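Shown next: data.txt, given as compact mmCIF, C-alpha atoms.
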```
# COMPACT_ATOMS: atom_id res chain seq x y z
CA MET A 9 49.33 -46.55 18.16
CA THR A 10 50.40 -44.62 21.27
CA SER A 11 52.69 -45.88 24.00
CA SER A 12 51.31 -46.82 27.42
CA GLY A 13 50.24 -43.69 29.30
CA ALA A 14 50.40 -41.47 26.20
CA SER A 15 47.35 -39.50 25.11
CA ALA A 16 46.10 -40.12 21.57
CA ALA A 17 45.90 -36.86 19.60
CA LEU A 18 42.68 -36.19 17.71
CA VAL A 19 41.24 -33.50 15.48
CA ALA A 20 37.65 -32.30 15.80
CA ALA A 21 36.32 -31.55 12.32
CA VAL A 22 33.15 -30.05 10.86
CA ASP A 23 31.89 -29.85 7.29
CA ILE A 24 29.30 -27.05 7.19
CA GLY A 25 26.37 -27.51 4.83
CA GLY A 26 23.29 -25.48 4.02
CA THR A 27 21.01 -27.66 6.15
CA GLY A 28 23.36 -29.77 8.30
CA ILE A 29 26.79 -29.74 9.90
CA LYS A 30 28.67 -33.01 9.62
CA GLY A 31 31.12 -33.45 12.45
CA GLY A 32 33.60 -35.96 13.72
CA LEU A 33 36.59 -36.84 15.83
CA LEU A 34 39.41 -38.28 13.76
CA GLU A 35 42.67 -40.00 14.57
CA GLY A 36 44.59 -39.88 11.30
CA ASN A 37 42.22 -41.23 8.66
CA ARG A 38 40.07 -43.06 11.19
CA ILE A 39 36.74 -41.53 12.18
CA LEU A 40 36.13 -42.29 15.87
CA LEU A 41 32.92 -40.29 16.26
CA ARG A 42 30.34 -38.90 13.83
CA THR A 43 27.79 -36.21 14.51
CA THR A 44 25.15 -34.39 12.48
CA THR A 45 23.53 -31.19 13.69
CA PRO A 46 21.21 -28.70 11.99
CA THR A 47 22.77 -25.59 10.50
CA HIS A 48 19.72 -23.49 11.43
CA ALA A 49 20.15 -21.27 8.38
CA ALA A 50 16.70 -19.76 8.97
CA SER A 51 18.03 -18.21 12.19
CA GLY A 52 20.29 -15.91 10.22
CA PRO A 53 24.09 -15.64 9.92
CA ASP A 54 24.67 -15.27 13.65
CA GLY A 55 22.51 -18.30 14.34
CA VAL A 56 24.49 -20.36 11.82
CA LEU A 57 27.74 -19.25 13.44
CA GLN A 58 26.46 -20.28 16.86
CA SER A 59 25.42 -23.67 15.46
CA VAL A 60 28.97 -24.23 14.17
CA LEU A 61 30.58 -23.20 17.46
CA THR A 62 28.21 -25.39 19.47
CA ALA A 63 28.81 -28.38 17.19
CA LEU A 64 32.58 -28.04 17.57
CA ALA A 65 32.40 -27.57 21.34
CA ASP A 66 30.20 -30.64 21.70
CA ILE A 67 32.59 -32.74 19.61
CA VAL A 68 35.58 -31.60 21.67
CA ALA A 69 33.70 -32.41 24.86
CA SER A 70 32.94 -35.90 23.50
CA ALA A 71 36.59 -36.90 23.21
CA PRO A 72 37.03 -40.22 25.04
CA ASP A 73 39.30 -40.70 28.02
CA GLY A 74 42.91 -41.18 27.04
CA THR A 75 42.68 -38.78 24.09
CA THR A 76 43.41 -35.10 23.52
CA VAL A 77 41.86 -32.85 20.90
CA ALA A 78 44.94 -31.16 19.42
CA GLY A 79 43.21 -28.99 16.84
CA LEU A 80 40.15 -28.19 14.79
CA GLY A 81 39.31 -28.50 11.12
CA VAL A 82 36.50 -26.38 9.65
CA VAL A 83 35.34 -26.34 6.02
CA SER A 84 32.65 -24.12 4.57
CA PRO A 85 30.77 -23.77 1.30
CA GLY A 86 30.81 -20.57 -0.70
CA THR A 87 33.78 -18.44 -1.69
CA VAL A 88 36.43 -19.10 0.93
CA ASP A 89 39.86 -17.49 1.37
CA GLU A 90 41.89 -20.08 3.27
CA ALA A 91 44.93 -17.82 3.69
CA ARG A 92 42.93 -15.12 5.52
CA GLY A 93 40.56 -17.54 7.23
CA VAL A 94 37.56 -15.68 5.82
CA VAL A 95 34.28 -16.82 4.26
CA ILE A 96 33.99 -14.16 1.58
CA ASP A 97 30.50 -15.15 0.54
CA ALA A 98 28.22 -18.10 1.37
CA GLU A 99 24.72 -17.23 0.27
CA ASN A 100 23.01 -20.30 1.71
CA LEU A 101 24.45 -19.48 5.15
CA GLY A 102 23.93 -15.72 4.95
CA TRP A 103 27.65 -15.15 5.49
CA HIS A 104 29.61 -12.30 3.93
CA ASP A 105 33.21 -11.51 4.93
CA VAL A 106 33.03 -13.65 8.08
CA PRO A 107 36.47 -14.21 9.72
CA LEU A 108 35.46 -17.73 10.68
CA ALA A 109 38.89 -19.15 11.55
CA GLU A 110 39.60 -16.28 13.95
CA ILE A 111 36.19 -16.58 15.61
CA VAL A 112 36.52 -20.34 16.12
CA ARG A 113 40.07 -20.01 17.45
CA ALA A 114 39.04 -17.33 19.94
CA GLU A 115 36.03 -19.35 21.13
CA LEU A 116 37.70 -22.75 21.56
CA GLY A 117 41.36 -21.88 22.09
CA LEU A 118 42.77 -24.50 19.72
CA PRO A 119 44.68 -24.34 16.41
CA VAL A 120 42.21 -24.05 13.53
CA GLY A 121 42.61 -25.37 10.02
CA PHE A 122 40.13 -23.67 7.72
CA GLY A 123 39.14 -24.36 4.13
CA HIS A 124 36.59 -24.73 1.37
CA ASP A 125 34.37 -27.81 1.37
CA VAL A 126 35.13 -28.87 -2.22
CA ARG A 127 38.87 -28.19 -2.00
CA ALA A 128 38.96 -30.09 1.29
CA GLY A 129 37.17 -32.98 -0.40
CA GLY A 130 39.72 -32.91 -3.20
CA LEU A 131 42.55 -32.97 -0.67
CA ALA A 132 40.97 -35.98 1.02
CA GLU A 133 40.47 -37.89 -2.25
CA TRP A 134 44.10 -37.16 -3.12
CA ARG A 135 45.45 -38.39 0.22
CA TYR A 136 43.03 -41.21 1.05
CA GLY A 137 40.78 -41.95 -1.91
CA ALA A 138 40.65 -42.19 -5.69
CA GLY A 139 43.68 -39.94 -6.25
CA VAL A 140 46.06 -41.43 -3.71
CA ASP A 141 48.84 -42.16 -6.23
CA ALA A 142 48.38 -39.08 -8.44
CA GLU A 143 50.56 -35.97 -8.41
CA ASP A 144 48.00 -33.99 -10.41
CA LEU A 145 44.23 -34.38 -10.31
CA ILE A 146 40.94 -32.56 -10.40
CA PHE A 147 38.14 -33.45 -8.00
CA LEU A 148 34.78 -32.59 -9.54
CA PRO A 149 31.76 -33.13 -7.29
CA VAL A 150 28.45 -32.77 -9.12
CA GLY A 151 25.51 -32.30 -6.80
CA THR A 152 23.42 -29.26 -5.94
CA GLY A 153 26.14 -27.25 -7.65
CA ILE A 154 29.33 -27.80 -9.63
CA ALA A 155 32.81 -26.86 -8.46
CA ALA A 156 36.30 -28.30 -8.78
CA ALA A 157 39.34 -28.80 -6.60
CA LEU A 158 42.67 -28.68 -8.43
CA VAL A 159 45.76 -30.47 -7.13
CA LEU A 160 48.67 -29.43 -9.36
CA GLY A 161 52.24 -30.51 -8.75
CA GLY A 162 51.24 -31.86 -5.35
CA ARG A 163 49.71 -28.52 -4.30
CA LEU A 164 46.07 -27.69 -3.69
CA LEU A 165 45.25 -24.52 -5.64
CA SER A 166 43.13 -21.83 -3.94
CA SER A 167 43.89 -18.49 -5.66
CA GLY A 168 42.32 -16.42 -2.92
CA GLY A 169 39.28 -18.66 -2.81
CA TYR A 170 38.28 -18.36 -6.47
CA ALA A 171 39.98 -21.43 -7.97
CA GLY A 172 37.65 -24.09 -9.29
CA GLU A 173 34.40 -22.09 -9.45
CA ILE A 174 33.60 -23.63 -12.83
CA GLY A 175 29.84 -23.95 -12.41
CA HIS A 176 29.25 -20.27 -13.17
CA GLY A 177 30.00 -17.80 -15.91
CA GLY A 178 27.50 -18.52 -18.68
CA PRO A 179 27.15 -21.27 -21.28
CA ALA A 180 29.53 -22.54 -23.89
CA PRO A 181 28.44 -21.03 -27.24
CA ARG A 182 27.03 -24.23 -28.71
CA ARG A 183 24.67 -24.71 -25.75
CA THR A 184 22.77 -21.43 -25.96
CA SER A 185 20.19 -22.74 -28.47
CA SER A 186 19.32 -25.88 -26.49
CA PRO A 187 15.76 -25.62 -25.05
CA GLY A 188 15.83 -24.73 -21.40
CA ALA A 189 19.61 -24.34 -21.28
CA ASP A 190 19.40 -20.58 -20.80
CA LEU A 191 17.96 -20.65 -17.29
CA ALA A 192 18.76 -17.82 -14.92
CA CYS A 193 21.46 -18.69 -12.40
CA PRO A 194 21.68 -17.29 -8.83
CA CYS A 195 25.10 -15.86 -9.76
CA GLY A 196 23.38 -13.40 -12.10
CA ALA A 197 24.26 -15.03 -15.43
CA THR A 198 22.10 -17.28 -17.59
CA GLY A 199 22.79 -20.78 -18.83
CA CYS A 200 25.62 -21.48 -16.39
CA PRO A 201 26.65 -25.15 -16.22
CA GLU A 202 25.09 -25.44 -12.75
CA THR A 203 21.66 -24.69 -14.24
CA PHE A 204 21.59 -27.74 -16.53
CA ALA A 205 24.57 -30.03 -15.71
CA SER A 206 24.36 -30.29 -11.91
CA ALA A 207 22.21 -32.96 -10.30
CA ALA A 208 19.79 -30.30 -9.10
CA GLY A 209 19.85 -28.60 -12.50
CA ILE A 210 18.98 -31.84 -14.30
CA ALA A 211 15.84 -32.27 -12.19
CA ARG A 212 14.83 -28.61 -12.48
CA ARG A 213 15.27 -28.55 -16.24
CA TYR A 214 13.23 -31.72 -16.76
CA GLU A 215 10.44 -30.32 -14.62
CA MET A 216 10.50 -27.04 -16.55
CA LEU A 217 10.30 -28.77 -19.93
CA THR A 218 7.60 -31.28 -18.98
CA GLY A 219 5.68 -29.80 -16.06
CA THR A 220 6.24 -33.12 -14.26
CA SER A 221 7.85 -33.24 -10.83
CA VAL A 222 10.68 -35.72 -10.39
CA ASP A 223 12.58 -37.03 -7.40
CA GLY A 224 15.98 -35.69 -8.42
CA ALA A 225 18.39 -36.51 -11.24
CA ALA A 226 18.14 -40.23 -10.49
CA GLU A 227 14.52 -40.27 -11.63
CA VAL A 228 15.43 -38.36 -14.79
CA LEU A 229 17.99 -41.06 -15.56
CA THR A 230 15.39 -43.78 -14.92
CA ARG A 231 13.00 -42.06 -17.30
CA GLN A 232 15.74 -41.76 -19.91
CA LEU A 233 16.49 -45.49 -19.65
CA ASP A 234 12.75 -46.16 -20.04
CA GLY A 235 12.73 -44.26 -23.35
CA ASP A 236 11.52 -40.80 -22.31
CA PRO A 237 12.85 -38.48 -25.07
CA VAL A 238 12.82 -35.33 -22.93
CA ALA A 239 14.73 -37.11 -20.17
CA ALA A 240 17.23 -38.29 -22.81
CA THR A 241 17.77 -34.72 -24.01
CA VAL A 242 18.18 -33.37 -20.49
CA TRP A 243 20.59 -36.15 -19.48
CA ASP A 244 22.65 -35.99 -22.68
CA ASP A 245 22.95 -32.21 -22.45
CA ALA A 246 24.13 -32.48 -18.85
CA VAL A 247 26.80 -35.02 -19.77
CA ALA A 248 27.86 -32.88 -22.74
CA GLY A 249 28.15 -29.84 -20.49
CA LEU A 250 30.26 -31.74 -17.98
CA GLY A 251 32.38 -33.04 -20.85
CA GLU A 252 33.05 -29.49 -21.99
CA LEU A 253 34.08 -28.45 -18.49
CA VAL A 254 36.39 -31.43 -18.03
CA SER A 255 37.95 -30.99 -21.47
CA ASP A 256 38.67 -27.32 -20.79
CA LEU A 257 40.22 -28.15 -17.43
CA VAL A 258 42.47 -30.76 -19.03
CA ARG A 259 43.53 -28.34 -21.78
CA VAL A 260 44.60 -25.78 -19.19
CA THR A 261 46.15 -28.03 -16.55
CA GLY A 262 47.14 -31.23 -18.36
CA VAL A 263 46.01 -33.35 -15.42
CA SER A 264 45.90 -37.08 -15.93
CA ARG A 265 43.10 -37.91 -13.49
CA ILE A 266 39.59 -36.58 -12.94
CA VAL A 267 37.78 -37.76 -9.81
CA ILE A 268 34.00 -37.38 -10.11
CA GLY A 269 32.06 -37.08 -6.86
CA GLY A 270 28.80 -35.68 -5.57
CA GLY A 271 25.34 -37.15 -5.87
CA LEU A 272 25.42 -37.55 -9.65
CA VAL A 273 28.27 -40.09 -9.52
CA GLY A 274 25.67 -42.53 -8.16
CA ALA A 275 24.61 -42.95 -11.80
CA GLY A 276 27.79 -45.00 -12.27
CA ASP A 277 28.65 -45.93 -15.84
CA HIS A 278 25.50 -44.23 -17.13
CA LEU A 279 27.41 -41.02 -16.35
CA LEU A 280 31.06 -42.03 -16.51
CA GLU A 281 31.11 -43.93 -19.80
CA PRO A 282 29.50 -41.19 -21.94
CA LEU A 283 31.56 -38.58 -20.09
CA ARG A 284 34.76 -40.46 -20.95
CA ARG A 285 33.70 -40.60 -24.61
CA GLN A 286 32.86 -36.89 -24.64
CA VAL A 287 36.23 -35.93 -23.21
CA SER A 288 38.23 -38.33 -25.39
CA THR A 289 36.53 -36.98 -28.52
CA ALA A 290 37.05 -33.34 -27.52
CA LEU A 291 40.79 -33.65 -26.84
CA THR A 292 43.31 -33.91 -29.66
CA VAL A 293 46.92 -33.16 -28.69
CA HIS A 294 46.17 -33.65 -24.99
CA ARG A 295 46.20 -37.02 -23.30
CA ALA A 296 42.78 -38.23 -22.26
CA PRO A 297 42.61 -38.33 -18.45
CA ARG A 298 41.47 -41.25 -16.36
CA ILE A 299 37.96 -40.40 -15.20
CA VAL A 300 37.15 -42.32 -12.03
CA PRO A 301 34.48 -42.21 -9.30
CA ALA A 302 35.32 -40.72 -5.92
CA GLN A 303 35.84 -43.19 -3.11
CA LEU A 304 35.09 -41.23 0.06
CA GLY A 305 31.50 -40.27 -0.69
CA ALA A 306 29.82 -37.89 1.74
CA ASP A 307 32.77 -38.17 4.16
CA ALA A 308 35.21 -36.42 1.80
CA GLY A 309 34.69 -33.00 3.37
CA LEU A 310 35.09 -34.38 6.88
CA TYR A 311 38.33 -36.16 6.01
CA GLY A 312 39.55 -33.01 4.31
CA ALA A 313 38.68 -30.86 7.31
CA SER A 314 40.71 -33.24 9.48
CA LEU A 315 43.72 -33.00 7.16
CA ILE A 316 43.55 -29.20 7.26
CA GLY A 317 43.19 -29.34 11.03
CA TRP A 318 46.38 -31.40 11.32
CA GLN A 319 48.19 -28.87 9.17
CA ALA A 320 47.21 -26.19 11.67
CA VAL A 321 48.37 -28.34 14.61
CA ARG A 322 51.78 -28.87 13.02
CA ALA A 323 52.13 -25.17 12.25
CA ALA A 324 51.18 -24.06 15.78
```

So that I can check it, write out the structure of this file as structure tokens.
Amino acid sequence: MTSSGASAALVAAVDIGGTGIKGGLLEGNRILLRTTTPTHAASGPDGVLQSVLTALADIVASAPDGTTVAGLGVVSPGTVDEARGVVIDAENLGWHDVPLAEIVRAELGLPVGFGHDVRAGGLAEWRYGAGVDAEDLIFLPVGTGIAAALVLGGRLLSSGGYAGEIGHGGPAPRRTSSPGADLACPCGATGCPETFASAAGIARRYEMLTGTSVDGAAEVLTRQLDGDPVAATVWDDAVAGLGELVSDLVRVTGVSRIVIGGGLVGAGDHLLEPLRRQVSTALTVHRAPRIVPAQLGADAGLYGASLIGWQAVRAA
């Protein structure tokens, strides 16, 4: 609450996606305004950049009387170097080595907090959501792709933008003989976890094995519950692949909490219960982590962008 006559300080935040830009004005962890605008990826990298700048300018201009926009928070998909403020590579936006933080700062004249969409979501779940009382956690959204945000010792790990890119790099050895688990991945490898364990990968693999179109991973789960043996194989392999990823992350980091987000978490206990069993069975000397659903849903990136924006305001 501000004193009489004082101006409430807000952050304008955007979470850039391949098809849409989620935006908002936030006061602390309270979203005062939400916007959604097209990314216009078909217009090329410069068109996407203009869409982002326009979205931010419109949000700033929408600040209500009695408030001041103190800073900006911007999060992007792809490989993102927060320290340099650069999008190294974001294929779905056509961006390569784009100094996004500098461009936004020059255009709008405000402090800019800049980050990666998944790491920002992990930061938000840690501060406001399912990890609020944890010192160490991994946020693992499973949707179109698979990536992780690692909070270790109270610090969000970036490693030049490459931390948490666990969806790529080829299959675990025991998965290579599974039918359809050696699909080509856009990263150049084959059988990457994203190709069979992401929500999009589950649907694609089922369609490849059966020739039947499905409405996403949710329909594959429905078919599995109805006794479809191919759907059961596809679903079980996806859960096993996620279990391998989580187990490896726990072995390396020792974290006690895994927060599962993204579209696939909508499967609820049909995903979480077998995943917990997979991880518990795989670990021996390590403690089994708590595996819990994310709480912030599709707003995680927006909350995270706001947190990063406030960091920039305080540092200015």

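In this model, the gap between CA of Ile29 in chain A and CA of Pro119 in chain A comes to 19.8 Å.
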
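Excluding Asp125 in chain A itself and any same-chain residue fewer than 3 positions from it, the protein and nucleic acid residues within 9 Å of it, counting all atoms listed in the file, are Asp23, Ile24, Gly25, Val82, Val83, Ser84, Pro85, Gly86, Val88, Ala128, Gly129, Gly130, Ala308, Gly309, Leu310, Gly312 and Ala313 of chain A.
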
Identify, on the basis of all atoms listed in the file, every residue whose closest approach to His104 in chain A does not exceed 12 Å; exclude the query and any residue fewer than 2 positions from it along the same chain; express the result as a list in words.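 Listed by chain and then number, they are Gly52, Pro53, Asp54, Leu57, Pro85, Gly86, Thr87, Val88, Asp89, Val94, Val95, Ile96, Asp97, Ala98, Glu99, Asn100, Leu101, Gly102, Val106, Pro107 and Leu108 of chain A.
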
Could you name the residues that touch Gly305 in chain A at 9 Å or less, counting all atoms listed in the file, but leaving out those on the same chain fewer than 4 positions away, as a PyMOL selection string? chain A and resi 269-271+309

Shortest contact to Leu164 in chain A, candidates A:Ala324, A:Ile316, A:Val19, A:Ala63, atoms counted all atoms listed in the file, goes to A:Ile316

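Around range 223-239 of chain A, within 8 Å and counting only C-alpha atoms, the residues found are A:Ala207, A:Ala208, A:Ile210, A:Ala211, A:Tyr214, A:Leu217, A:Thr218, A:Ser221, A:Thr241, A:Val242, A:Trp243, A:Leu272, A:Ala275, once anything fewer than 2 positions away on its own chain is removed.
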
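Ranking A:Ile174, A:Val258, A:Ile266, A:Val247 by their shortest atom-to-atom distance to Glu281 in chain A, with only C-alpha atoms included, puts A:Val247 first.
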
Would you please work out which residue, of A:Ala156, A:Ala323, A:Thr27, A:Asp73, is nearest to Ala49 in chain A when using only C-alpha atoms? A:Thr27

From the options A:Leu257, A:Thr203, A:Val140, A:Trp134, which residue's atoms come nearest to Gly172 in chain A, counting all atoms listed in the file? A:Leu257

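Proximity ranking of A:Gly151, A:Gly262, A:Gly123, A:Gly81 relative to Gly169 in chain A places A:Gly123 first, based on only C-alpha atoms.
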
In Å, rounded to a single decimal, give me how far CA of Ala138 in chain A is from CA of Asp307 in chain A.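 Those two atoms sit 13.2 Å apart.
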
Counting only C-alpha atoms, closest pick from A:Leu40, A:Leu158, A:Leu315, A:Val22 relative to Ala171 in chain A is A:Leu158

CA of Leu18 in chain A sits from CA of Ala71 in chain A at a separation of 8.2 Å

Exercise: Ala248 in chain A partners within 10 Å, all atoms listed in the file, chain neighbours under 3 positions left out, as a ChimeraX atom specification: /A:183,205,242-245,251-254,282-283,285-287

Can you sort out the box for range 162-179 of chain A, edges along x, y and z, all listed atoms in, 8 Å on every side, with centre and edge lengths in Å to one decimal, as JSON?
```
{"center_x": 39.2, "center_y": -24.1, "center_z": -12.0, "size_x": 40.1, "size_y": 31.4, "size_z": 34.5}
```

Some atoms are absent from range 152-167 of chain A, so rebuild N, CA and C atoms and return them as a PDB file, keeping the file's coordinate frame.
```pdb
ATOM      1  N   THR A 152      24.255 -30.458  -5.858  1.00  0.00           N
ATOM      2  CA  THR A 152      23.420 -29.260  -5.940  1.00  0.00           C
ATOM      3  C   THR A 152      24.068 -28.224  -6.844  1.00  0.00           C
ATOM      4  N   GLY A 153      25.379 -28.143  -6.786  1.00  0.00           N
ATOM      5  CA  GLY A 153      26.140 -27.250  -7.650  1.00  0.00           C
ATOM      6  C   GLY A 153      27.273 -28.004  -8.330  1.00  0.00           C
ATOM      7  N   ILE A 154      28.164 -27.237  -8.973  1.00  0.00           N
ATOM      8  CA  ILE A 154      29.330 -27.800  -9.630  1.00  0.00           C
ATOM      9  C   ILE A 154      30.529 -26.933  -9.265  1.00  0.00           C
ATOM     10  N   ALA A 155      31.560 -27.555  -8.737  1.00  0.00           N
ATOM     11  CA  ALA A 155      32.810 -26.860  -8.460  1.00  0.00           C
ATOM     12  C   ALA A 155      33.927 -27.875  -8.589  1.00  0.00           C
ATOM     13  N   ALA A 156      35.164 -27.397  -8.602  1.00  0.00           N
ATOM     14  CA  ALA A 156      36.300 -28.300  -8.780  1.00  0.00           C
ATOM     15  C   ALA A 156      37.395 -27.955  -7.791  1.00  0.00           C
ATOM     16  N   ALA A 157      38.126 -28.983  -7.381  1.00  0.00           N
ATOM     17  CA  ALA A 157      39.340 -28.800  -6.600  1.00  0.00           C
ATOM     18  C   ALA A 157      40.510 -29.252  -7.467  1.00  0.00           C
ATOM     19  N   LEU A 158      41.529 -28.414  -7.560  1.00  0.00           N
ATOM     20  CA  LEU A 158      42.670 -28.680  -8.430  1.00  0.00           C
ATOM     21  C   LEU A 158      43.905 -28.954  -7.586  1.00  0.00           C
ATOM     22  N   VAL A 159      44.479 -30.136  -7.743  1.00  0.00           N
ATOM     23  CA  VAL A 159      45.760 -30.470  -7.130  1.00  0.00           C
ATOM     24  C   VAL A 159      46.787 -30.525  -8.263  1.00  0.00           C
ATOM     25  N   LEU A 160      47.692 -29.569  -8.279  1.00  0.00           N
ATOM     26  CA  LEU A 160      48.670 -29.430  -9.360  1.00  0.00           C
ATOM     27  C   LEU A 160      50.075 -29.465  -8.781  1.00  0.00           C
ATOM     28  N   GLY A 161      50.891 -30.394  -9.265  1.00  0.00           N
ATOM     29  CA  GLY A 161      52.240 -30.510  -8.750  1.00  0.00           C
ATOM     30  C   GLY A 161      52.283 -30.790  -7.267  1.00  0.00           C
ATOM     31  N   GLY A 162      51.284 -31.537  -6.770  1.00  0.00           N
ATOM     32  CA  GLY A 162      51.240 -31.860  -5.350  1.00  0.00           C
ATOM     33  C   GLY A 162      50.775 -30.717  -4.475  1.00  0.00           C
ATOM     34  N   ARG A 163      50.168 -29.685  -5.072  1.00  0.00           N
ATOM     35  CA  ARG A 163      49.710 -28.520  -4.300  1.00  0.00           C
ATOM     36  C   ARG A 163      48.258 -28.238  -4.606  1.00  0.00           C
ATOM     37  N   LEU A 164      47.472 -28.025  -3.545  1.00  0.00           N
ATOM     38  CA  LEU A 164      46.070 -27.690  -3.690  1.00  0.00           C
ATOM     39  C   LEU A 164      45.952 -26.204  -4.026  1.00  0.00           C
ATOM     40  N   LEU A 165      45.332 -25.886  -5.151  1.00  0.00           N
ATOM     41  CA  LEU A 165      45.250 -24.520  -5.640  1.00  0.00           C
ATOM     42  C   LEU A 165      44.034 -23.818  -5.064  1.00  0.00           C
ATOM     43  N   SER A 166      44.229 -22.599  -4.507  1.00  0.00           N
ATOM     44  CA  SER A 166      43.130 -21.830  -3.940  1.00  0.00           C
ATOM     45  C   SER A 166      42.904 -20.513  -4.669  1.00  0.00           C
ATOM     46  N   SER A 167      43.979 -19.779  -4.956  1.00  0.00           N
ATOM     47  CA  SER A 167      43.890 -18.490  -5.660  1.00  0.00           C
ATOM     48  C   SER A 167      42.934 -17.524  -4.976  1.00  0.00           C
TER      49      SER A 167
END
```
